[in-house]
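Q: Provided herewith is a single structure, encoded as structure tokens, for subsequent inquiry.
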Amino acid sequence: MSEDKSLLLERDDIGCLLRRYAFPAIIAMIASSLYNIIDSIFIGQKLGALAISGLALTFPLMNLSAAFGTLVGVGGATLVSISLGRKDNIYARNVLGNVVILSIIIGTLFTLSTLPFLNEILYFFGGSDQTIKYARDFMFIILIGNIVTHLFFGLNAIVRSSGNPRLAMVVTIFSVIINIILVSIFIFVFEWGIKGAAWATVISQFIALIWLILIFMKRNKVVFFSREIFRFKGKIILDIFSIGLSPFLMNAAACFVVVLINYSLQKYGGDLAIGAYGIINRVAFIFVMIVFGITQGMQPIVGYNYGAKHYDRVLTTYYKAAKWGVLVMLIAFIAVELFPRTISMAFTTDHELVEIAIEGFRIVFIVFPIAGFQIVSSNFFQSIGKAKKSIFLSLIRQVILLTPLLIILPHSMGIKGVWWAMPISDLGSTIITTFLVIAQVKQLKALAN
């Protein structure tokens with residue numbers, strides 16, 4: 001981020017700033033979510049319903065991998081924003097170096113610890129003899145490229161938080177376009193099946209990673225690569241983990257919850273029920289990622305102004321971001337309630353799978369609008385360095401409330417109990433979030449005065 005660009009964060013109109021930062025982030029998050037959507041559509045249409053179910057089995061492991069990625073990437077990106085707000089550019093560069101080191105180490109360890117036990121893990125996640133082959137073929141290749149994925153998302157987060165949201169967006173879109181081209185060739189021309197989708201993902205991210213490395217090698221920016229930044233610094237690592245712990249726990253909790261959901265769906269509905277959840281999860285993922293795009297646009301503005309003690313601007317940014325988050329989830333609710341069949345048939349033509357997905361869509365999305373508020377609020381606490389509150393809000397929605405509901409409701413309601421557990425959890429967590437937000441807003445208003 002240049003000095004002039006950083007000063008804009010404390011001077012420009014909040015609405016204009018949020019649009020400037022959030023819009024590229026939203027486009028980037030939509031583009032990022034297209035990795036999974038494109039894979040699911042191509043695999044479902046080409047290989048059938050069981051392949052969709054097999055792909056759904058990989059969600060927990062991919063969520064767990066993403067958890068470790070966000071632990072470093074989100075933590076590092078937030079630190080960069082706050083340090084730039086404090087005009088501490090050297091600290092920001094050292095954060096970049098430690099993000100690279102941690103991404104390589106954690107990415108490697110995750111691959112080495114999961115690859116030898118991949119079959120056992122996938123069976124534990126709800127796999128059957130009919131679906132495990134698809135899940136293994138896909139996940140084996142994804143794990144081989146795990147370091148690339150961690151570095152790609154980590155460095156792109158630093159680009160965004162250091163004042164270049166449009167560049168981060170362009171890099172992401174570029175990687176998605178490459179992925180679409182490659183997955184089309186690998187599946188429909190070379191007929192590599194589900195392996196083709198996995199190779200397309202890894203190769204496209206590798207190409208985009210090369211671009212990111214070239215960006216950070218330019219020394220005409222405040223945050224750039226230099227030899228001295230690639231050294232472990234205990235204070236920075238602790239700060240990265242402290243802030244990144246919230247999204248880490250959110251993704252780790254998502255892994256645990258998806259395993260529990262898959263187990264219940266396998267018990268009460270079989271392989272096709274897992275496939276239906278795979279479709280629902282992919283569609284929900286698009287809208288959730290749009291809200292995450294809003295929070296990513298919010299994060300550097302909030303982080304910078306919080307570091308600069310401009311608390312009135314912090315609150316204004318949060319209010320606008322929360323409104324946008326609710327609006328996005330309202331659109332999701334309307335689209336899914338009106339067109340569940342059309343959406344389901346984009347992934348599969350299997351009649352039974354479509355009918356299961358329709359029922360799930362109508363229930364799971366029923367309170368989606370308020371989930372937008374909850375997601376933005378959780379990330380708001382993270383953006384101002386309130387890690388404990390952010391962690392609590394992440395856990396209350398995905399573990400503390402949802403887990404017992406997933407255990408209790410299916411016993412009396414069957415597969416409908418699995419679907420209903422999700423909106424009930426969203427409702428309860430939003431109520432709790434509201435009380436914490438009110439208290440935090442009062443505190444910031446007092447500091448502003």
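By order in the structure tokens, chains are A, B, ...; within a chain, residues start at 1; ligands start at 1, following the order shown.
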Set the distance at 12 Å and use only C-alpha atoms: which residues neighbour Ile396 (chain A) once local chain neighbours fewer than 4 positions away are removed? I'd like the list as a list in words.
A: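 Skipping anything fewer than 4 positions along the chain leaves Ser246, Leu249, Met250, Ala253, Ala254, Gln374, Ile375, Ser378, Lys389, Ser390, Ile391, Phe392, Ile400, Leu401, Leu402, Thr403, Pro404, Ser425, Asp426, Leu427, Gly428, Ser429, Thr430, Ile431, Ile432 and Thr433 of chain A.
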Q: As an NGL selection string, please: all residues of region 188-431 of chain A that backbone DSSP puts in helix (DSSP H, G or I).
A: :A and (188-189 or 194-216 or 227-229 or 234-268 or 271-307 or 311-338 or 340-345 or 351-364 or 368-383 or 387-400 or 402-413 or 415-431)
Q: Tell me, as an MDAnalysis selection string, which residues lie within 8 Å of Ala208 (chain A), counting only C-alpha atoms; anything in the same chain fewer than 3 positions away does not count.
A: chainID A and resid 152 171:172 174:175 204:205 211:212
Q: Output N, CA and C atoms for every residue in the selection just made, as a PDB file, in the first residue's frame.
A:
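Written file, selection_33.pdb:
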ATOM      1  N   PHE A 152      -1.270 -19.368  -1.992  1.00  0.00           N
ATOM      2  CA  PHE A 152      -2.107 -18.570  -2.889  1.00  0.00           C
ATOM      3  C   PHE A 152      -3.099 -17.722  -2.101  1.00  0.00           C
ATOM      4  N   VAL A 171      -6.387 -11.206  -9.667  1.00  0.00           N
ATOM      5  CA  VAL A 171      -5.621 -12.446  -9.532  1.00  0.00           C
ATOM      6  C   VAL A 171      -6.552 -13.634  -9.329  1.00  0.00           C
ATOM      7  N   THR A 172      -7.568 -13.457  -8.477  1.00  0.00           N
ATOM      8  CA  THR A 172      -8.512 -14.544  -8.214  1.00  0.00           C
ATOM      9  C   THR A 172      -9.313 -14.898  -9.460  1.00  0.00           C
ATOM     10  N   PHE A 174      -8.489 -14.389 -12.527  1.00  0.00           N
ATOM     11  CA  PHE A 174      -7.557 -15.014 -13.455  1.00  0.00           C
ATOM     12  C   PHE A 174      -7.415 -16.511 -13.160  1.00  0.00           C
ATOM     13  N   SER A 175      -7.266 -16.849 -11.879  1.00  0.00           N
ATOM     14  CA  SER A 175      -7.107 -18.259 -11.511  1.00  0.00           C
ATOM     15  C   SER A 175      -8.365 -19.059 -11.818  1.00  0.00           C
ATOM     16  N   SER A 204      -4.277 -24.220 -11.715  1.00  0.00           N
ATOM     17  CA  SER A 204      -4.712 -22.822 -11.838  1.00  0.00           C
ATOM     18  C   SER A 204      -4.235 -21.996 -10.656  1.00  0.00           C
ATOM     19  N   GLN A 205      -4.260 -22.567  -9.436  1.00  0.00           N
ATOM     20  CA  GLN A 205      -3.782 -21.844  -8.263  1.00  0.00           C
ATOM     21  C   GLN A 205      -2.265 -21.657  -8.310  1.00  0.00           C
ATOM     22  N   TRP A 211       2.145 -15.312 -10.113  1.00  0.00           N
ATOM     23  CA  TRP A 211       1.831 -13.890 -10.297  1.00  0.00           C
ATOM     24  C   TRP A 211       1.947 -13.142  -8.969  1.00  0.00           C
ATOM     25  N   LEU A 212       1.402 -13.710  -7.888  1.00  0.00           N
ATOM     26  CA  LEU A 212       1.465 -13.064  -6.582  1.00  0.00           C
ATOM     27  C   LEU A 212       2.906 -12.885  -6.115  1.00  0.00           C
TER      28      LEU A 212
END
Q: Per residue of region 125-242 of chain A within 9 Å of region 10-34 of chain A, which atom pair is closest and at what distance in Å (one decimal), using only C-alpha atoms, listed by chain and increasing number, as JSON lines?
A:
{"residue": "A:Arg160", "atom": "CA", "partner": "A:Ala25", "partner_atom": "CA", "distance": 7.8}
{"residue": "A:Gly163", "atom": "CA", "partner": "A:Tyr21", "partner_atom": "CA", "distance": 8.4}
{"residue": "A:Asn164", "atom": "CA", "partner": "A:Tyr21", "partner_atom": "CA", "distance": 8.3}
{"residue": "A:Pro165", "atom": "CA", "partner": "A:Tyr21", "partner_atom": "CA", "distance": 5.7}
{"residue": "A:Arg166", "atom": "CA", "partner": "A:Pro24", "partner_atom": "CA", "distance": 5.2}
{"residue": "A:Leu167", "atom": "CA", "partner": "A:Pro24", "partner_atom": "CA", "distance": 8.2}
{"residue": "A:Ala168", "atom": "CA", "partner": "A:Ala28", "partner_atom": "CA", "distance": 7.2}
{"residue": "A:Met169", "atom": "CA", "partner": "A:Ala28", "partner_atom": "CA", "distance": 4.5}
{"residue": "A:Val170", "atom": "CA", "partner": "A:Ala28", "partner_atom": "CA", "distance": 7.4}
{"residue": "A:Val171", "atom": "CA", "partner": "A:Ala28", "partner_atom": "CA", "distance": 8.2}
{"residue": "A:Thr172", "atom": "CA", "partner": "A:Ala28", "partner_atom": "CA", "distance": 5.5}
{"residue": "A:Ile173", "atom": "CA", "partner": "A:Ala31", "partner_atom": "CA", "distance": 5.6}
{"residue": "A:Phe174", "atom": "CA", "partner": "A:Ala31", "partner_atom": "CA", "distance": 9.0}
{"residue": "A:Ser175", "atom": "CA", "partner": "A:Ser32", "partner_atom": "CA", "distance": 8.5}
{"residue": "A:Val176", "atom": "CA", "partner": "A:Ala31", "partner_atom": "CA", "distance": 6.1}
{"residue": "A:Ile177", "atom": "CA", "partner": "A:Ala31", "partner_atom": "CA", "distance": 8.7}
{"residue": "A:Ile180", "atom": "CA", "partner": "A:Leu34", "partner_atom": "CA", "distance": 8.9}
Q: Do you know which residues are at most 10 Å from Leu182 (chain A) counting only C-alpha atoms, after dropping those on the same chain fewer than 2 positions away, and could you put them as an mmCIF file with N, CA and C atoms, in the first residue's frame?
A:
data_model
loop_
_atom_site.group_PDB
_atom_site.id
_atom_site.type_symbol
_atom_site.label_atom_id
_atom_site.label_comp_id
_atom_site.auth_asym_id
_atom_site.auth_seq_id
_atom_site.Cartn_x
_atom_site.Cartn_y
_atom_site.Cartn_z
ATOM 1 N N VAL A 176 -9.540 -18.434 -11.638
ATOM 2 C CA VAL A 176 -10.800 -19.129 -11.919
ATOM 3 C C VAL A 176 -10.968 -19.369 -13.417
ATOM 4 N N ILE A 177 -10.622 -18.369 -14.217
ATOM 5 C CA ILE A 177 -10.720 -18.537 -15.672
ATOM 6 C C ILE A 177 -9.814 -19.678 -16.138
ATOM 7 N N ILE A 178 -8.601 -19.713 -15.614
ATOM 8 C CA ILE A 178 -7.684 -20.811 -15.946
ATOM 9 C C ILE A 178 -8.286 -22.146 -15.520
ATOM 10 N N ASN A 179 -8.913 -22.154 -14.329
ATOM 11 C CA ASN A 179 -9.526 -23.385 -13.824
ATOM 12 C C ASN A 179 -10.659 -23.862 -14.728
ATOM 13 N N ILE A 180 -11.513 -22.939 -15.166
ATOM 14 C CA ILE A 180 -12.629 -23.306 -16.047
ATOM 15 C C ILE A 180 -12.111 -23.920 -17.348
ATOM 16 N N SER A 184 -12.566 -28.022 -18.141
ATOM 17 C CA SER A 184 -13.299 -28.407 -19.352
ATOM 18 C C SER A 184 -12.466 -29.363 -20.209
ATOM 19 N N ILE A 185 -11.188 -29.026 -20.359
ATOM 20 C CA ILE A 185 -10.304 -29.871 -21.174
ATOM 21 C C ILE A 185 -10.065 -31.218 -20.516
ATOM 22 N N PHE A 186 -9.759 -31.193 -19.212
ATOM 23 C CA PHE A 186 -9.390 -32.427 -18.513
ATOM 24 C C PHE A 186 -10.553 -33.407 -18.387
ATOM 25 N N ILE A 187 -11.788 -32.888 -18.184
ATOM 26 C CA ILE A 187 -12.943 -33.775 -17.990
ATOM 27 C C ILE A 187 -13.571 -34.185 -19.319
ATOM 28 N N PHE A 188 -13.789 -33.227 -20.206
ATOM 29 C CA PHE A 188 -14.549 -33.527 -21.422
ATOM 30 C C PHE A 188 -13.688 -33.913 -22.619
ATOM 31 N N VAL A 189 -12.434 -33.473 -22.651
ATOM 32 C CA VAL A 189 -11.551 -33.833 -23.771
ATOM 33 C C VAL A 189 -10.659 -35.014 -23.397
ATOM 34 N N GLY A 196 -9.479 -34.942 -13.099
ATOM 35 C CA GLY A 196 -9.281 -33.769 -13.943
ATOM 36 C C GLY A 196 -9.684 -32.491 -13.243
ATOM 37 N N ALA A 197 -10.789 -32.553 -12.486
ATOM 38 C CA ALA A 197 -11.241 -31.374 -11.744
ATOM 39 C C ALA A 197 -10.221 -30.978 -10.680
ATOM 40 N N TRP A 199 -6.898 -31.681 -10.662
ATOM 41 C CA TRP A 199 -5.687 -31.152 -11.298
ATOM 42 C C TRP A 199 -5.911 -29.732 -11.812
ATOM 43 N N ALA A 200 -7.079 -29.449 -12.339
ATOM 44 C CA ALA A 200 -7.388 -28.107 -12.834
ATOM 45 C C ALA A 200 -7.306 -27.090 -11.702
ATOM 46 N N THR A 201 -7.811 -27.458 -10.521
ATOM 47 C CA THR A 201 -7.776 -26.561 -9.364
ATOM 48 C C THR A 201 -6.343 -26.263 -8.936
ATOM 49 N N ILE A 203 -3.428 -26.666 -10.584
ATOM 50 C CA ILE A 203 -2.608 -25.991 -11.603
ATOM 51 C C ILE A 203 -2.987 -24.517 -11.725
ATOM 52 N N SER A 204 -4.277 -24.220 -11.715
ATOM 53 C CA SER A 204 -4.712 -22.822 -11.838
ATOM 54 C C SER A 204 -4.235 -21.996 -10.656
#
Q: Which one of A:Pro410, A:Gly270, A:Gly360, A:Gly126 sits closest to Val336 (chain A) if you count only C-alpha atoms?
A: A:Gly360
Q: Using only C-alpha atoms, find each residue in region 11-104 of chain A having at least one atom no more than 10 Å away from region 274-278 of chain A; report its shortest atom-to-atom pair and that distance in Å (one decimal), rows by chain then rising number, as CSV.
A:
residue,atom,partner,partner_atom,distance
A:Ser40,CA,A:Gly278,CA,8.5
A:Gly44,CA,A:Gly275,CA,9.7
A:Ala49,CA,A:Gly275,CA,7.0
A:Leu50,CA,A:Gly275,CA,7.3
A:Ala51,CA,A:Gly275,CA,8.3
A:Ile52,CA,A:Gly275,CA,5.4
A:Ser53,CA,A:Gly275,CA,3.8
A:Gly54,CA,A:Gly275,CA,7.5
A:Leu55,CA,A:Gly278,CA,7.6
A:Ala56,CA,A:Gly278,CA,4.8
A:Leu57,CA,A:Ile274,CA,7.9
A:Thr58,CA,A:Gly278,CA,9.7
A:Phe59,CA,A:Gly278,CA,8.2
Q: Given only C-alpha atoms as the basis, pick out the residue of A:Ser103, A:Asn281, A:Thr78, A:Ser83 nearest to Lys386 (chain A).
A: A:Thr78
Q: Looking at A:Val302, A:Leu102, A:Ile207, A:Leu272, which one is nearest to Ile384 (chain A), with distances taken over only C-alpha atoms?
A: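 Result for the nearest residue to Ile384 (chain A): A:Val302.
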Q: Between A:Gly417, A:Gly48, A:Gly372, A:Gly385, which one has atoms that come closest to Gly193 (chain A), using only C-alpha atoms?
A: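 Of the candidates, the smallest distance to Gly193 (chain A) is held by A:Gly48.
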Q: Using only C-alpha atoms, pick whichever of A:Ile213, A:Leu245, A:Leu143, A:Ala421 has the shortest atom-to-atom distance to Ile158 (chain A).
A: A:Ile213
Q: Tell me, counting only C-alpha atoms, for each residue of region 108-220 of chain A within 12 Å of region 90-95 of chain A, which pair of atoms is nearest and how far apart they are in Å to one decimal, in rows ordered by chain and increasing number, as JSON lines.
A:
{"residue": "A:Gly154", "atom": "CA", "partner": "A:Val95", "partner_atom": "CA", "distance": 11.3}
{"residue": "A:Leu155", "atom": "CA", "partner": "A:Val95", "partner_atom": "CA", "distance": 11.0}
{"residue": "A:Ile158", "atom": "CA", "partner": "A:Val95", "partner_atom": "CA", "distance": 9.2}
{"residue": "A:Val159", "atom": "CA", "partner": "A:Ala92", "partner_atom": "CA", "distance": 11.6}
{"residue": "A:Ser161", "atom": "CA", "partner": "A:Ala92", "partner_atom": "CA", "distance": 10.5}
{"residue": "A:Ser162", "atom": "CA", "partner": "A:Ala92", "partner_atom": "CA", "distance": 8.8}
{"residue": "A:Phe216", "atom": "CA", "partner": "A:Arg93", "partner_atom": "CA", "distance": 10.2}
{"residue": "A:Met217", "atom": "CA", "partner": "A:Arg93", "partner_atom": "CA", "distance": 11.9}
{"residue": "A:Arg219", "atom": "CA", "partner": "A:Arg93", "partner_atom": "CA", "distance": 11.2}
Q: Export, as a PDB file, in the first residue's frame, the selected residues with C-alpha atoms.
A:
ATOM      1  CA  GLY A 154      -2.457 -16.251   2.164  1.00  0.00           C
ATOM      2  CA  LEU A 155      -0.585 -13.942  -0.209  1.00  0.00           C
ATOM      3  CA  ILE A 158      -2.108  -9.714   2.137  1.00  0.00           C
ATOM      4  CA  VAL A 159      -2.478  -8.030  -1.252  1.00  0.00           C
ATOM      5  CA  SER A 161      -5.415  -5.898   3.108  1.00  0.00           C
ATOM      6  CA  SER A 162      -2.413  -3.805   2.051  1.00  0.00           C
ATOM      7  CA  PHE A 216       5.593  -8.933  -3.870  1.00  0.00           C
ATOM      8  CA  MET A 217       9.036  -8.889  -5.459  1.00  0.00           C
ATOM      9  CA  ARG A 219      10.028  -2.891  -4.047  1.00  0.00           C
TER      10      ARG A 219
END
Q: Quick one, how far is CA of Thr70 (chain A) from CA of Leu151 (chain A)?
A: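 These atoms are spaced 10.7 Å apart.
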Q: Looking at A:Ile194, A:Leu330, A:Ile290, A:Ala387, which one is nearest to Gly75 (chain A), with distances taken over only C-alpha atoms?
A: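 Residue with the minimum atom-to-atom distance to Gly75 (chain A): A:Ala387.
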Q: For a test of reading the model, state the distance in Å between CA of Gly107 (chain A) and CA of Ile243 (chain A), rounded to one decimal.
A: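 Spanning CA of Gly107 (chain A) to CA of Ile243 (chain A) is a straight-line distance of 18.9 Å.
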Q: To one decimal place, how far is CA of Met62 (chain A) from CA of Met413 (chain A) in Å?
A: 29.2 Å
Q: Which residues are near Lys233 (chain A)? Cut-off 10 Å, only C-alpha atoms, ignore same chain within fewer than 4 positions. Put them as a PyMOL selection string.
A: chain A and resi 94-95+97-98+229+237-238
Q: Keeping N, CA and C atoms, export the residues of the selection given above as a PDB file, in the first residue's frame.
A:
ATOM      1  N   ASN A  94       7.360  -7.654   7.935  1.00  0.00           N
ATOM      2  CA  ASN A  94       7.733  -8.860   8.682  1.00  0.00           C
ATOM      3  C   ASN A  94       6.566  -9.826   8.831  1.00  0.00           C
ATOM      4  N   VAL A  95       5.358  -9.288   8.912  1.00  0.00           N
ATOM      5  CA  VAL A  95       4.163 -10.141   8.923  1.00  0.00           C
ATOM      6  C   VAL A  95       4.086 -10.932   7.621  1.00  0.00           C
ATOM      7  N   GLY A  97       6.514 -11.876   5.638  1.00  0.00           N
ATOM      8  CA  GLY A  97       7.513 -12.947   5.642  1.00  0.00           C
ATOM      9  C   GLY A  97       7.100 -14.129   6.487  1.00  0.00           C
ATOM     10  N   ASN A  98       6.522 -13.857   7.647  1.00  0.00           N
ATOM     11  CA  ASN A  98       6.092 -14.946   8.532  1.00  0.00           C
ATOM     12  C   ASN A  98       4.868 -15.671   7.994  1.00  0.00           C
ATOM     13  N   ILE A 229      12.963 -10.395   5.998  1.00  0.00           N
ATOM     14  CA  ILE A 229      11.624 -10.633   6.570  1.00  0.00           C
ATOM     15  C   ILE A 229      11.320 -12.121   6.744  1.00  0.00           C
ATOM     16  N   ILE A 237       4.164 -14.202  15.145  1.00  0.00           N
ATOM     17  CA  ILE A 237       3.485 -15.500  15.032  1.00  0.00           C
ATOM     18  C   ILE A 237       2.347 -15.607  16.040  1.00  0.00           C
ATOM     19  N   LEU A 238       2.605 -15.169  17.276  1.00  0.00           N
ATOM     20  CA  LEU A 238       1.553 -15.200  18.294  1.00  0.00           C
ATOM     21  C   LEU A 238       0.391 -14.289  17.912  1.00  0.00           C
TER      22      LEU A 238
END
